[in-house]
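A.B. asks: Let me give you the structure first, and then I'll get to my questions.
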Amino acid sequence: MNELLLAATSLDVTPPPGHRLDGYAARTGLATGTADPLRATLIWLSTADDPGVLWLTLDAIAVGSTLSSELAAAAGAAAGIPPAQVVVSASHTHSGPSGWTGEIHPVIPAEREPVLADALVGAVRTATLERQPVTATWHSIEVVGVGTNRHRRNGPHDNTAGILALHGADGSLEAVLLDFACHPTTYGPENMKYSADWPGAARAALAPAVVGFLQGAAGDVSPRFTRQGRGAEEVARLGGLLAARVREALTSPGLELPQSAPAIRRTTLTLPVRSVPPVDEAEKLASVVESRVDTGSDDPSGRISQTRLDGARGQALMAAASLPPALDLSISTVTMGDVCWINLPVELFAVHGACLQADSTYPITRVIGYTDGYYGYVVDPSAAEAGTYEALITFFDQPTTHKLITETAAFVNS
């Protein structure tokens, strides 16, 4: 009889101060310190004769394709398994270093810093992964109060969290793989300290279990309408809300999953990059938007206005950049019994996540973004029509978005 084996560890990979933070075009200056640690968390599920899957979750704005490959190789070496068995996901915190991945989009110019990337990859490669028998259960819960649609409070938003709970032979909670969809943007552009934001606070509240956090279809979801402040206290409050719901869910038995290793399948989708308006037209739009923006307001309407200006400026930067004609997106599924995680290297809007869930033949389907690469926003038709921040800087037009969703769904069900 197979035993399901777990190896799990969480590494503090916080860089030293003095490096650029990522996530906000309006942010200037270098990191001055640490509000809370950034972590690389490894959760490896396998059996004695099956390498299974290793999830590596990182407190970062994104993991570009180069960094993803490096981290997959390093985690694979630590576990003694092929890199193809490793899934690398970013939490999308807006208070991590830009130097790990480098520039993820022309909207925020950045450079990869080899000293930071090498230190991160080296820490993962030397991680200690000792396996122990566990049992796996699944729990789904509703979480209210952490995030909503960030364009309109009652807009589309998946407010459920998925919980893979892993218990040791003595019944102790050894690890949790938690997914939820919401931008980690409690801290704003004025913050100059490293922080995992509310996912880090939720993880800390669930200690001593090792917690890996997977970011869902959060392209248009954030705490814009729910946050009551911008500091550490609010980070703890939002993370505590999520952690409390997880703890509540874990008081019930949950769905028992098989004692077999999870399986992974991969494919690559090649998608054309949209035609961006000419430089003069894009710059004219940015000037028009700038004349209408109140840059002094941080309430929801002010943030929506400010981000549209960021988008107009970002589109102008895209127009001036040399964009590739097409992008290769790595798509994967991880399955374990009735549960399927769909992994994509983009920021999906909530409606697209809901479509993939509805089209899936698996009873439980979780849609995870920011994984094994990063290629920006995938927006819905209403955002494209309204010219939102995300629509202005997306790499993809609506026909291409439809192609991505339909071909991903076909791959999941093949």
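Order determines the names: the first chain of the structure tokens is A, the second B, and so forth; residues in each chain are numbered 1 upward, and ligands are numbered 1 upward as they are shown.
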At a cut-off of 7 Å, can you tabulate as JSON lines every residue of segment 4-111 of chain A near segment 247-267 of chain A together with its closest atom pair and the distance in Å to one decimal, using only C-alpha atoms and ordering rows by chain then number?
C.D. replies:
{"residue": "A:Leu4", "atom": "CA", "partner": "A:Gln259", "partner_atom": "CA", "distance": 5.0}
{"residue": "A:Leu45", "atom": "CA", "partner": "A:Ala261", "partner_atom": "CA", "distance": 6.1}
{"residue": "A:Ser46", "atom": "CA", "partner": "A:Ala261", "partner_atom": "CA", "distance": 4.7}
{"residue": "A:Thr47", "atom": "CA", "partner": "A:Ala261", "partner_atom": "CA", "distance": 5.8}
{"residue": "A:Asp50", "atom": "CA", "partner": "A:Ala261", "partner_atom": "CA", "distance": 6.5}
{"residue": "A:Gly52", "atom": "CA", "partner": "A:Ala261", "partner_atom": "CA", "distance": 4.8}
{"residue": "A:Val53", "atom": "CA", "partner": "A:Pro262", "partner_atom": "CA", "distance": 6.0}
{"residue": "A:Gln85", "atom": "CA", "partner": "A:Ile264", "partner_atom": "CA", "distance": 6.9}
A.B. asks: Restrict the selected residues to C-alpha atoms and save them as a PDB file, in the first residue's frame.
C.D. replies:
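Okay, again-v7.pdb is ready:
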ATOM      1  CA  LEU A   4       1.548   9.676   0.889  1.00  0.00           C
ATOM      2  CA  LEU A  45       3.941  15.470  -1.941  1.00  0.00           C
ATOM      3  CA  SER A  46       5.098  12.114  -3.248  1.00  0.00           C
ATOM      4  CA  THR A  47       5.175   8.391  -2.575  1.00  0.00           C
ATOM      5  CA  ASP A  50       6.321   8.418  -7.511  1.00  0.00           C
ATOM      6  CA  GLY A  52       4.677  13.582  -7.246  1.00  0.00           C
ATOM      7  CA  VAL A  53       4.664  17.386  -7.237  1.00  0.00           C
ATOM      8  CA  GLN A  85       7.676  18.079 -11.202  1.00  0.00           C
TER       9      GLN A  85
END
A.B. asks: How close does each residue of segment 78-191 of chain A get to segment 393-403 of chain A, giving the shortest atom pair and distance in Å to one decimal for every residue with an atom at most 9 Å away, counting only C-alpha atoms, sorted by chain and residue number, as CSV?
C.D. replies:
residue,atom,partner,partner_atom,distance
A:His105,CA,A:Ile393,CA,8.6
A:Pro106,CA,A:Ile393,CA,8.9
A:Val107,CA,A:Ile393,CA,7.7
A.B. asks: Which of these, A:Trp55, A:Tyr389, A:Tyr24, A:Phe411, has the shortest distance to Ala84 of chain A once you count only C-alpha atoms?
C.D. replies: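 Closest to Ala84 of chain A of all the choices is A:Trp55.
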A.B. asks: Using the chain letters and numbers from this document, which residues of segment 129-356 of chain A does DSSP assign to helix (DSSP H, G or I), as number ranges by chain?
C.D. replies: A: 197-205, 232-249, 279-290, 300-320, 350-356
A.B. asks: Step one, run DSSP on the backbone; step two, keep only residues of segment 34-202 of chain A assigned to strand (DSSP E or B); then write them as a ChimeraX atom specification.
C.D. replies: /A:34,39-47,50-58,86-90,97,132-142,148-149,160-168,173-180,193-194
A.B. asks: Which one is closest to Tyr374 of chain A: A:Ala77, A:Ala123, A:Ile104, A:Ala350? Count only C-alpha atoms.
C.D. replies: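 Of all the options, A:Ile104 lies closest to Tyr374 of chain A.
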A.B. asks: Counting only C-alpha atoms, which residue out of A:Leu120, A:Cys355, A:Leu271, A:Leu6 sits closest to Ala48 of chain A?
C.D. replies: A:Leu6
A.B. asks: Can you list every residue of segment 172-200 of chain A that has an atom at most 6 Å from segment 229-239 of chain A, with its nearest atom pair and the distance in Å to one decimal, using only C-alpha atoms, ordered by chain then number, as a tab-separated table?
C.D. replies:
residue	atom	partner	partner_atom	distance
A:Thr186	CA	A:Arg230	CA	5.4
A:Tyr187	CA	A:Arg230	CA	5.0
A:Asp197	CA	A:Val235	CA	5.8
A:Trp198	CA	A:Gly239	CA	4.4
A:Pro199	CA	A:Gly239	CA	5.9
A.B. asks: Go ahead and write the selection's residues with C-alpha atoms as a PDB file, in the first residue's frame.
C.D. replies:
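The resulting file, again_38.pdb, is reproduced below:
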ATOM      1  CA  THR A 186      -2.565  46.506   1.788  1.00  0.00           C
ATOM      2  CA  TYR A 187       0.697  48.426   1.765  1.00  0.00           C
ATOM      3  CA  ASP A 197       1.449  41.628   3.001  1.00  0.00           C
ATOM      4  CA  TRP A 198      -1.703  39.846   4.205  1.00  0.00           C
ATOM      5  CA  PRO A 199      -0.724  36.369   2.854  1.00  0.00           C
TER       6      PRO A 199
END
A.B. asks: One number please: atom CA of Lys193 of chain A to atom CA of Trp100 of chain A, in Å, one decimal.
C.D. replies: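 So the two atoms, atom CA of Lys193 of chain A and atom CA of Trp100 of chain A, lie 15.9 Å apart.
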A.B. asks: Have a look at A:Glu407, A:Glu3, A:Asp12, A:Asp179 and name the one nearest to Leu42 of chain A; count only C-alpha atoms.
C.D. replies: A:Asp12
A.B. asks: With distances taken over only C-alpha atoms, which of A:Gln357, A:Ser382, A:Asn191, A:Ser414 is nearest to Gly29 of chain A?
C.D. replies: A:Asn191
